[in-house]
>>> print(open('model-v4.txt').read())   # compact mmCIF, C-alpha atoms and all ligand atoms
# COMPACT_ATOMS: atom_id res chain seq x y z
CA MET Y 92 81.77 71.86 92.25
CA ARG Y 93 80.82 71.90 95.92
CA GLU Y 94 83.06 72.24 98.92
CA VAL Y 95 83.70 69.16 101.03
CA THR Y 96 85.50 68.32 104.27
CA LEU Y 97 89.24 67.91 104.04
CA PRO Y 98 90.03 64.15 104.18
CA SER Y 99 91.74 63.16 107.43
CA GLU Y 100 94.87 62.14 105.49
CA PHE Y 101 95.51 65.85 104.98
CA ALA Y 102 94.74 66.91 108.55
CA GLU Y 103 98.11 68.68 108.86
CA LEU Y 104 96.91 71.12 106.22
CA SER Y 105 93.58 71.87 107.85
CA ASN Y 106 94.60 75.38 108.89
CA SER Y 107 96.35 76.30 105.67
CA VAL Y 108 93.99 75.33 102.86
CA GLN Y 109 90.46 76.41 101.95
CA TYR Y 110 87.82 75.57 99.36
CA VAL Y 111 88.40 71.85 99.42
CA GLN Y 112 86.73 70.14 96.47
CA ARG Y 113 86.45 66.47 95.62
CA LYS Y 114 87.56 65.82 92.06
CA SER Y 115 87.49 62.02 92.19
CA PRO Y 116 87.70 59.34 94.91
CA HIS Y 117 91.49 59.68 94.83
CA GLU Y 118 91.91 63.35 94.20
CA TYR Y 119 90.95 66.56 95.90
CA SER Y 120 91.81 70.17 95.23
CA SER Y 121 91.97 73.34 97.29
CA SER Y 122 93.64 76.70 97.60
CA CYS Y 123 97.43 76.58 97.91
CA PRO Y 124 99.01 76.81 101.38
CA LYS Y 125 101.73 79.04 99.86
CA CYS Y 126 100.26 81.17 97.06
CA GLY Y 127 96.51 80.65 97.38
CA GLY Y 128 95.94 83.33 100.03
CA CYS Y 129 94.05 85.78 97.86
CA ILE Y 130 90.57 84.34 97.56
CA HIS Y 131 87.51 86.18 96.31
CA PRO Y 132 84.55 85.35 98.52
CA ASP Y 133 82.22 85.66 95.54
CA GLY Y 134 84.35 84.01 92.85
CA GLU Y 135 85.07 80.44 91.90
CA PRO Y 136 86.88 78.39 94.51
CA PRO Y 137 90.59 78.14 93.76
CA ASP Y 138 91.66 74.60 92.78
CA ARG Y 139 95.32 75.11 92.02
CA PHE Y 140 96.48 72.76 94.78
CA VAL Y 141 96.07 69.07 93.83
CA LEU Y 142 95.76 66.65 96.76
CA LEU Y 143 96.49 63.01 95.98
CA MET Y 144 95.07 60.40 98.35
CA PRO Y 145 97.66 57.87 99.55
CA GLU Y 146 96.15 54.94 97.65
CA ARG Y 147 96.64 56.87 94.45
CA SER Y 148 100.03 58.33 95.15
CA TYR Y 149 103.09 56.41 94.09
CA ALA Y 150 104.69 56.45 97.53
CA GLY Y 151 101.53 55.59 99.44
CA ILE Y 152 101.55 58.89 101.30
CA PRO Y 153 99.18 61.83 100.97
CA PHE Y 154 100.75 64.36 98.65
CA GLY Y 155 99.92 67.88 97.53
CA PHE Y 156 101.19 69.90 94.59
CA CYS Y 157 100.46 73.48 93.46
CA ARG Y 158 100.36 73.90 89.71
CA VAL Y 159 100.81 77.67 90.05
CA CYS Y 160 103.79 78.05 92.39
CA GLY Y 161 105.08 74.47 92.38
CA TYR Y 162 104.80 74.09 96.16
CA LYS Y 163 104.99 70.46 97.29
CA TRP Y 164 103.56 69.04 100.47
CA TRP Y 165 103.68 65.55 101.95
CA GLN Y 166 102.45 64.12 105.20
CA GLY Y 167 105.00 64.50 107.95
CA GLN Y 168 106.86 67.27 106.17
CA ASP Y 169 106.64 69.54 109.22
CA GLY Y 170 108.20 66.86 111.41
CA ASN Y 171 111.07 66.69 108.90
CA LYS Y 172 109.97 63.32 107.71
CA ASN Y 173 112.49 62.52 105.05
CA VAL Y 174 111.23 61.34 101.72
CA ASP Y 175 113.54 60.38 98.91
CA PRO Y 176 113.73 63.29 96.39
CA ALA Y 177 113.17 60.78 93.58
CA VAL Y 178 109.88 59.80 95.21
CA ILE Y 179 108.88 63.46 95.50
CA ALA Y 180 109.69 64.00 91.85
CA GLU Y 181 107.53 61.02 90.94
CA LEU Y 182 104.67 62.35 93.07
CA GLU Y 183 104.94 65.69 91.35
CA ARG Y 184 104.73 63.98 88.00
CA GLN Y 185 101.62 62.14 89.20
CA ALA Y 186 99.93 65.30 90.41
CA LYS Y 187 100.58 66.93 87.04
CA ALA Y 188 99.30 63.85 85.23
CA ALA Y 189 96.11 63.94 87.29
CA GLU Y 190 95.55 67.53 86.17
CA THR Y 191 96.23 66.67 82.55
CA LYS Y 192 93.89 63.70 82.73
CA ARG Y 193 91.10 65.84 84.08
CA ASN Y 194 91.48 68.23 81.15
CA ALA Y 195 91.51 65.29 78.74
CA ASP Y 196 88.34 63.88 80.38
CA ARG Y 197 86.65 67.22 79.87
CA LEU Y 198 87.54 67.26 76.18
CA THR Y 199 86.43 63.65 75.70
CA LYS Y 200 83.08 64.36 77.30
CA LEU Y 201 82.67 67.51 75.25
CA GLN Y 202 83.32 65.48 72.15
CA GLN Y 203 80.83 62.80 73.18
CA PHE Y 204 78.15 65.42 73.59
CA SER Y 205 79.03 67.26 70.41
CA THR Y 206 79.52 64.40 67.95
CA GLY Y 207 76.52 62.51 69.32
CA GLU Y 208 74.51 65.74 69.44
CA LEU Y 209 73.07 64.37 72.67
CA TRP Y 210 70.87 67.45 73.09
CA ASN Y 211 68.80 66.31 70.08
CA GLU Y 212 68.08 62.96 71.73
CA LEU Y 213 67.04 64.73 74.95
CA HIS Y 214 64.92 67.13 72.92
CA ARG Y 215 63.12 64.22 71.24
CA ARG Y 216 62.32 62.69 74.62
CA MET Y 217 59.97 65.53 75.48
CA GLY Y 218 56.32 64.53 75.50
CA GLU Y 219 53.25 66.70 75.72
CA GLU Y 220 53.62 67.10 79.46
CA GLN Y 221 57.19 68.38 79.17
CA ARG Y 222 56.41 70.72 76.31
CA GLY Y 223 53.50 71.99 78.36
CA TRP Y 224 55.78 72.64 81.31
CA TRP Y 225 58.14 74.78 79.24
CA MET Y 226 55.15 76.63 77.81
CA LYS Y 227 53.74 77.32 81.25
CA ASN Y 228 57.15 78.78 82.05
CA GLY Y 229 56.95 81.18 79.15
CA ILE Y 230 58.86 79.25 76.48
CA PRO Y 231 56.70 78.54 73.36
CA GLU Y 232 57.26 75.42 71.27
CA ASP Y 233 59.18 77.12 68.46
CA TRP Y 234 61.66 78.41 71.04
CA GLN Y 235 61.87 74.99 72.72
CA ASP Y 236 62.88 73.60 69.32
CA TYR Y 237 65.27 76.43 68.48
CA LEU Y 238 67.10 76.19 71.84
CA ARG Y 239 67.06 72.33 71.83
CA LEU Y 240 65.46 72.20 75.28
CA GLY Y 241 64.89 68.68 76.47
CA TYR Y 242 64.03 66.21 79.18
CA THR Y 243 65.42 63.08 80.75
CA PRO Y 244 63.28 60.78 82.94
CA LYS Y 245 66.24 59.77 85.13
CA ARG Y 246 69.22 61.91 85.98
CA SER Y 247 71.69 61.02 88.73
CA TYR Y 248 72.97 63.85 90.85
CA ARG Y 249 75.32 64.09 93.74
CA THR Y 250 74.13 65.01 97.22
CA LYS Y 251 76.09 65.41 100.45
CA THR Y 252 75.65 61.72 101.19
CA GLY Y 253 75.91 60.06 97.77
CA TYR Y 254 73.88 59.88 94.56
CA GLU Y 255 70.18 60.30 93.99
CA TYR Y 256 67.94 60.29 90.91
CA SER Y 257 65.37 62.67 89.57
CA PRO Y 258 63.72 63.44 86.23
CA ALA Y 259 65.23 66.61 84.82
CA TYR Y 260 64.68 69.23 82.16
CA THR Y 261 67.80 69.74 80.07
CA ILE Y 262 69.19 73.04 78.85
CA PRO Y 263 72.14 72.81 76.43
CA TYR Y 264 74.46 75.82 76.58
CA PHE Y 265 75.67 76.91 73.16
CA GLY Y 266 78.11 79.58 72.10
CA TYR Y 267 77.68 81.55 68.88
CA GLY Y 268 76.93 79.25 65.94
CA PHE Y 269 75.54 76.54 68.25
CA VAL Y 270 78.95 75.45 69.47
CA PHE Y 271 78.16 73.19 72.42
CA LYS Y 272 79.61 74.31 75.78
CA THR Y 273 77.88 72.41 78.55
CA MET Y 274 74.60 70.87 79.66
CA GLN Y 275 72.50 72.07 82.55
CA TYR Y 276 69.90 69.95 84.33
CA ARG Y 277 66.92 71.34 86.17
CA LEU Y 278 66.00 68.56 88.57
CA CYS Y 279 62.26 67.98 88.95
CA ASN Y 280 62.42 66.43 92.43
CA PRO Y 281 65.68 67.58 94.02
CA SER Y 282 66.38 66.62 97.62
CA ALA Y 283 67.07 70.30 98.33
CA LEU Y 284 64.83 72.75 96.50
CA ALA Y 285 67.35 75.56 96.44
CA ASP Y 286 69.80 73.26 94.69
CA ARG Y 287 67.86 72.13 91.65
CA TYR Y 288 70.19 73.29 88.88
CA ARG Y 289 73.21 71.12 88.09
CA PHE Y 290 75.79 71.34 85.34
CA GLU Y 291 77.22 68.30 83.60
CA GLN Y 292 80.16 67.20 85.68
CA ASP Y 293 83.59 67.82 84.12
CA LEU Y 294 82.29 70.32 81.57
CA GLY Y 295 82.32 73.29 83.90
CA THR Y 296 80.07 76.33 83.61
CA SER Y 297 79.43 78.84 80.86
CA PHE Y 298 77.17 81.81 80.29
CA TYR Y 299 73.94 81.16 78.37
CA MET Y 300 73.06 82.63 74.96
CA THR Y 301 69.35 82.91 74.27
CA THR Y 302 70.04 83.38 70.54
CA PRO Y 303 73.11 81.27 69.67
CA SER Y 304 72.45 81.76 65.95
CA GLN Y 305 73.18 85.49 66.32
CA LYS Y 306 76.30 87.36 67.31
CA ILE Y 307 76.14 89.38 70.50
CA GLY Y 308 74.76 92.84 69.63
CA ASP Y 309 75.63 96.27 70.97
CA GLU Y 310 72.87 96.29 73.58
CA VAL Y 311 72.81 93.39 76.01
CA VAL Y 312 70.74 92.32 78.99
CA VAL Y 313 72.40 89.90 81.40
CA CYS Y 314 69.99 87.85 83.49
CA GLU Y 315 70.42 85.37 86.31
CA GLY Y 316 69.71 81.84 85.09
CA ALA Y 317 69.03 80.52 81.57
CA LYS Y 318 65.25 80.20 81.93
CA LYS Y 319 64.82 83.86 82.95
CA GLY Y 320 67.04 84.93 80.07
CA MET Y 321 64.84 83.01 77.62
CA VAL Y 322 61.70 84.71 78.93
CA VAL Y 323 63.25 88.19 78.69
CA LYS Y 324 64.40 87.46 75.13
CA ILE Y 325 61.05 86.03 74.03
CA TRP Y 326 58.69 88.50 75.72
CA GLY Y 327 60.89 91.58 76.03
CA GLU Y 328 62.38 93.99 73.53
CA PRO Y 329 63.00 91.91 70.38
CA ASN Y 330 66.26 93.43 69.15
CA ILE Y 331 68.28 93.22 72.33
CA THR Y 332 70.78 90.42 73.01
CA VAL Y 333 69.96 88.48 76.18
CA LEU Y 334 72.57 86.42 78.01
CA SER Y 335 72.41 84.67 81.37
CA VAL Y 336 74.94 83.88 84.04
CA PRO Y 337 74.58 80.55 85.91
CA SER Y 338 73.70 82.25 89.22
CA LYS Y 339 74.12 85.52 91.05
CA ASN Y 340 77.28 84.21 92.70
CA ASP Y 341 78.74 82.58 89.62
CA TRP Y 342 79.42 85.16 86.92
CA ARG Y 343 83.13 85.91 87.23
CA ASN Y 344 84.32 82.70 85.63
CA CYS Y 345 81.57 81.87 83.17
CA GLY Y 346 83.18 83.90 80.36
CA VAL Y 347 80.53 86.61 80.12
CA LEU Y 348 82.71 89.56 81.17
CA GLU Y 349 85.05 89.04 78.25
CA GLU Y 350 82.15 88.67 75.78
CA VAL Y 351 80.35 91.90 76.66
CA LYS Y 352 83.28 94.19 77.40
CA ASP Y 353 83.03 96.05 74.07
CA CYS Y 354 79.24 96.32 73.97
CA GLY Y 355 77.68 99.78 73.99
CA ARG Y 356 75.25 99.13 76.78
CA ILE Y 357 75.02 96.23 79.22
CA TYR Y 358 72.02 95.97 81.53
CA ILE Y 359 72.39 93.66 84.51
CA TRP Y 360 69.06 92.29 85.62
CA PHE Y 361 69.42 89.88 88.53
CA ASP Y 362 66.82 88.71 91.06
CA PRO Y 363 65.54 91.21 93.65
CA ASP Y 364 67.09 89.21 96.50
CA CYS Y 365 70.56 90.23 95.24
CA PHE Y 366 70.05 93.61 96.85
CA ILE Y 367 69.31 92.23 100.30
CA ARG Y 368 72.34 92.44 102.54
CA PRO Y 369 73.08 89.04 104.15
CA ALA Y 370 73.20 89.08 107.95
CA ASN Y 371 76.87 88.09 108.00
CA ALA Y 372 77.99 90.57 105.30
CA GLY Y 373 81.12 92.62 105.95
CA ASN Y 374 81.45 96.41 105.69
CA ASN Y 375 82.50 96.24 102.06
CA TRP Y 376 79.49 94.22 100.96
CA GLN Y 377 77.97 95.24 97.63
CA PRO Y 378 75.14 93.57 95.72
CA GLN Y 379 76.39 91.17 93.02
CA PRO Y 380 74.91 93.23 90.11
CA VAL Y 381 76.85 96.24 91.40
CA LEU Y 382 80.09 94.23 91.49
CA PHE Y 383 79.34 92.96 87.99
CA ALA Y 384 78.67 96.47 86.64
CA ASN Y 385 81.80 97.77 88.34
CA GLU Y 386 83.82 95.07 86.63
CA ILE Y 387 82.50 96.15 83.20
CA GLY Y 388 82.74 99.91 83.71
CA ASN Y 389 80.96 102.90 82.18
CA ASN Y 390 78.73 101.00 79.77
CA ALA Y 391 77.05 98.92 82.45
CA ARG Y 392 73.72 99.72 84.07
CA VAL Y 393 72.08 97.91 86.95
CA ILE Y 394 68.35 97.18 86.72
CA GLU Y 395 66.66 96.99 90.09
CA CYS Y 396 63.28 95.38 89.59
CA PRO Y 397 61.02 94.38 92.51
CA VAL Y 398 60.11 91.06 90.85
CA LYS Y 399 62.11 88.36 89.07
CA ALA Y 400 62.66 88.91 85.34
CA ASP Y 401 60.49 85.98 84.21
CA ASP Y 402 57.71 86.81 86.67
CA ALA Y 403 57.68 90.38 85.35
CA PHE Y 404 56.55 89.14 81.94
CA ILE Y 405 54.63 85.98 82.77
CA HIS Y 406 52.77 86.95 85.94
CA TYR Y 407 52.76 90.73 85.77
CA HIS Y 408 52.45 91.09 81.98
CA MET Y 409 55.13 93.72 81.65
CA ASP Y 410 54.83 95.53 78.30
CA MET Y 411 57.44 97.25 76.15
CA ALA Y 412 56.81 100.71 77.63
CA GLU Y 413 57.44 99.30 81.09
CA MET Y 414 60.60 97.57 79.98
CA PHE Y 415 61.89 100.85 78.51
CA ALA Y 416 61.06 102.55 81.80
CA LEU Y 417 62.99 99.90 83.68
CA LYS Y 418 66.01 100.51 81.45
CA ARG Y 419 65.79 104.28 81.89
CA GLN Y 420 65.79 103.88 85.65
CA ALA Y 421 68.78 101.55 85.61
CA PHE Y 422 71.70 103.03 87.51
CA LYS Y 423 75.37 103.44 86.78
CA VAL Y 424 77.98 102.20 89.24
CA ARG Y 425 81.28 103.70 90.29
CA LEU Y 426 83.02 101.93 93.13
CA ASN Y 427 86.37 103.02 94.49
CA THR Y 428 87.74 99.54 94.24
CA ARG Y 429 88.78 99.43 90.60
CA THR Y 430 92.40 99.91 91.51
CA LYS Y 431 92.57 96.68 93.49
CA PRO Y 432 95.40 94.39 92.34
ZN ZN Y 501 100.85 77.73 95.09
>>> encode(input="model-v4.txt", output="structure tokens", more="lines below")
Ligand SMILES: [Zn+2]
Amino acid sequence: MREVTLPSEFAELSNSVQYVQRKSPHEYSSSCPKCGGCIHPDGEPPDRFVLLMPERSYAGIPFGFCRVCGYKWWQGQDGNKNVDPAVIAELERQAKAAETKRNADRLTKLQQFSTGELWNELHRRMGEEQRGWWMKNGIPEDWQDYLRLGYTPKRSYRTKTGYEYSPAYTIPYFGYGFVFKTMQYRLCNPSALADRYRFEQDLGTSFYMTTPSQKIGDEVVVCEGAKKGMVVKIWGEPNITVLSVPSKNDWRNCGVLEEVKDCGRIYIWFDPDCFIRPANAGNNWQPQPVLFANEIGNNARVIECPVKADDAFIHYHMDMAEMFALKRQAFKVRLNTRTKP
């Protein structure tokens, strides 16, 4: 979900809310003006505050409601604009209903995907060219079949100005036992190159399992991005579990921390650019793999590799001895921030 500009109807809130997201034409969300002050710069944007556009709201006024602290906002509130308490109660009910509906939509979509096994249809759509593309990227045909990788000739995706279309490779995300979680699209001709991966709207994000038929083992490598994880699983050490997080900035809320917390050893292998300090970074800046390892604790090790994980195997022909060396050189992390609230 990307951040957007706060609609003018909510201008009075412009200094008190952050992380505005558009949920539908009538509904936005953001941090809460009252309780949403504690925001992690590297985590998911908070969406606890529901903003109803006037055309949607019962009273025809812009209305906001926090599902965490119950804070209510309406336009003109600061100027003591009086609104009938019954109207406010109705607006609150609407805001809650909007939240419930969104959850229901998510479940419906999940069901559509799962009962229709839509990934099989997308998998069947792959021709020689598409299979060749996956192969060139280090994924042999038996793995393409096993992971139900696919292709769609026309995928709509949202841009800053509206919708555009592109062919896309499809990557279904499964949990253990091939329980479907979400679908990811790798756009072939995105309008912005850096923004080519999109998740199915409404289904949210998840971590990626490269071997959904097997339980997570004691030794795990966590990569950045599904495709890199596949390559590490296929070409790297055979007995290790390989998982991927959606991106270097999106690992806190994809469920992976909970899944690996009891594993004996967790290697975090993100892209080399993670270790480059951004120009606008504050004094407390730490690379994302270091934050990840710190979150897990003593069993985590950070791999710092000068090339991307898939390039290491495909372009530089890394062998097993080199992978073992990389693991031996992985470092342990102890930050003094574990006591934060
Ligand atoms: Zn709140």
>>> closest_residue(input="model-v4.txt", among="Y:Phe140, Y:Tyr254, Y:Trp376, Y:Phe361", to="Lys163 in chain Y", atoms="only C-alpha atoms")
Y:Phe140
>>> residues_around(input="model-v4.txt", residues="Asn228 in chain Y", least_positions_apart="6", cutoff="10 Å", atoms="all atoms listed in the file", output="list of chain:residue names")
Y:Arg222, Y:Lys318, Y:Lys319, Y:Met321, Y:Val322, Y:Asp401, Y:Asp402, Y:Ile405
>>> residues_around(input="model-v4.txt", residues="range 115-124 of chain Y", least_positions_apart="2", cutoff="6 Å", atoms="only C-alpha atoms", output="number ranges by chain")
Y: 107-113, 126-127, 137-138, 140-144, 147
>>> residues_around(input="model-v4.txt", residues="Val311 in chain Y", least_positions_apart="2", cutoff="8 Å", atoms="all atoms listed in the file", output="PyMOL selection string")
chain Y and resi 307-309+313+331-334+351+354+356-358
>>> write_last_selection(input="model-v4.txt", atoms="C-alpha atoms", output="PDB file, keeping the file's coordinate frame")
ATOM      1  CA  ILE Y 307      76.140  89.380  70.500  1.00  0.00           C
ATOM      2  CA  GLY Y 308      74.760  92.840  69.630  1.00  0.00           C
ATOM      3  CA  ASP Y 309      75.630  96.270  70.970  1.00  0.00           C
ATOM      4  CA  VAL Y 313      72.400  89.900  81.400  1.00  0.00           C
ATOM      5  CA  ILE Y 331      68.280  93.220  72.330  1.00  0.00           C
ATOM      6  CA  THR Y 332      70.780  90.420  73.010  1.00  0.00           C
ATOM      7  CA  VAL Y 333      69.960  88.480  76.180  1.00  0.00           C
ATOM      8  CA  LEU Y 334      72.570  86.420  78.010  1.00  0.00           C
ATOM      9  CA  VAL Y 351      80.350  91.900  76.660  1.00  0.00           C
ATOM     10  CA  CYS Y 354      79.240  96.320  73.970  1.00  0.00           C
ATOM     11  CA  ARG Y 356      75.250  99.130  76.780  1.00  0.00           C
ATOM     12  CA  ILE Y 357      75.020  96.230  79.220  1.00  0.00           C
ATOM     13  CA  TYR Y 358      72.020  95.970  81.530  1.00  0.00           C
TER      14      TYR Y 358
END
>>> atom_distance(input="model-v4.txt", atom1="CA of Thr273 in chain Y", atom2="CA of Val381 in chain Y")
27.1 Å
>>> decode(input="model-v4.txt", residues="range 249-266 of chain Y", atoms="N, CA and C atoms", output="mmCIF file, in the first residue's frame")
data_model
loop_
_atom_site.group_PDB
_atom_site.id
_atom_site.type_symbol
_atom_site.label_atom_id
_atom_site.label_comp_id
_atom_site.auth_asym_id
_atom_site.auth_seq_id
_atom_site.Cartn_x
_atom_site.Cartn_y
_atom_site.Cartn_z
ATOM 1 N N ARG Y 249 -1.535 -0.195 -10.288
ATOM 2 C CA ARG Y 249 -1.779 1.202 -9.978
ATOM 3 C C ARG Y 249 -0.485 2.011 -10.037
ATOM 4 N N THR Y 250 -0.578 3.192 -10.627
ATOM 5 C CA THR Y 250 0.551 4.123 -10.616
ATOM 6 C C THR Y 250 0.084 5.372 -9.889
ATOM 7 N N LYS Y 251 0.955 6.361 -9.799
ATOM 8 C CA LYS Y 251 0.580 7.602 -9.107
ATOM 9 C C LYS Y 251 -0.604 8.279 -9.777
ATOM 10 N N THR Y 252 -0.764 8.071 -11.090
ATOM 11 C CA THR Y 252 -1.795 8.806 -11.812
ATOM 12 C C THR Y 252 -3.016 7.964 -12.185
ATOM 13 N N GLY Y 253 -2.973 6.675 -11.990
ATOM 14 C CA GLY Y 253 -4.127 5.851 -12.360
ATOM 15 C C GLY Y 253 -3.729 4.402 -12.521
ATOM 16 N N TYR Y 254 -4.269 3.731 -13.543
ATOM 17 C CA TYR Y 254 -3.938 2.330 -13.782
ATOM 18 C C TYR Y 254 -3.214 2.155 -15.110
ATOM 19 N N GLU Y 255 -2.272 1.210 -15.110
ATOM 20 C CA GLU Y 255 -1.607 0.861 -16.359
ATOM 21 C C GLU Y 255 -1.570 -0.656 -16.472
ATOM 22 N N TYR Y 256 -1.152 -1.152 -17.642
ATOM 23 C CA TYR Y 256 -1.127 -2.599 -17.856
ATOM 24 C C TYR Y 256 0.268 -3.066 -18.261
ATOM 25 N N SER Y 257 0.572 -4.259 -17.865
ATOM 26 C CA SER Y 257 1.844 -4.859 -18.263
ATOM 27 C C SER Y 257 1.692 -6.376 -18.184
ATOM 28 N N PRO Y 258 2.410 -7.123 -19.052
ATOM 29 C CA PRO Y 258 2.504 -8.568 -18.798
ATOM 30 C C PRO Y 258 3.242 -8.767 -17.477
ATOM 31 N N ALA Y 259 3.018 -9.883 -16.820
ATOM 32 C CA ALA Y 259 3.675 -10.080 -15.527
ATOM 33 C C ALA Y 259 3.933 -11.560 -15.260
ATOM 34 N N TYR Y 260 5.046 -11.841 -14.632
ATOM 35 C CA TYR Y 260 5.291 -13.180 -14.101
ATOM 36 C C TYR Y 260 4.605 -13.265 -12.746
ATOM 37 N N THR Y 261 4.045 -14.435 -12.438
ATOM 38 C CA THR Y 261 3.295 -14.555 -11.189
ATOM 39 C C THR Y 261 3.986 -15.525 -10.243
ATOM 40 N N ILE Y 262 4.039 -15.122 -8.988
ATOM 41 C CA ILE Y 262 4.680 -15.936 -7.950
ATOM 42 C C ILE Y 262 3.676 -16.137 -6.819
ATOM 43 N N PRO Y 263 3.033 -17.326 -6.731
ATOM 44 C CA PRO Y 263 2.132 -17.551 -5.603
ATOM 45 C C PRO Y 263 2.935 -17.778 -4.323
ATOM 46 N N TYR Y 264 2.477 -17.168 -3.234
ATOM 47 C CA TYR Y 264 3.121 -17.351 -1.933
ATOM 48 C C TYR Y 264 2.326 -18.384 -1.145
ATOM 49 N N PHE Y 265 2.985 -19.483 -0.802
ATOM 50 C CA PHE Y 265 2.331 -20.537 -0.031
ATOM 51 C C PHE Y 265 2.965 -20.671 1.341
ATOM 52 N N GLY Y 266 2.153 -20.997 2.330
ATOM 53 C CA GLY Y 266 2.666 -21.423 3.615
ATOM 54 C C GLY Y 266 2.904 -22.920 3.580
#
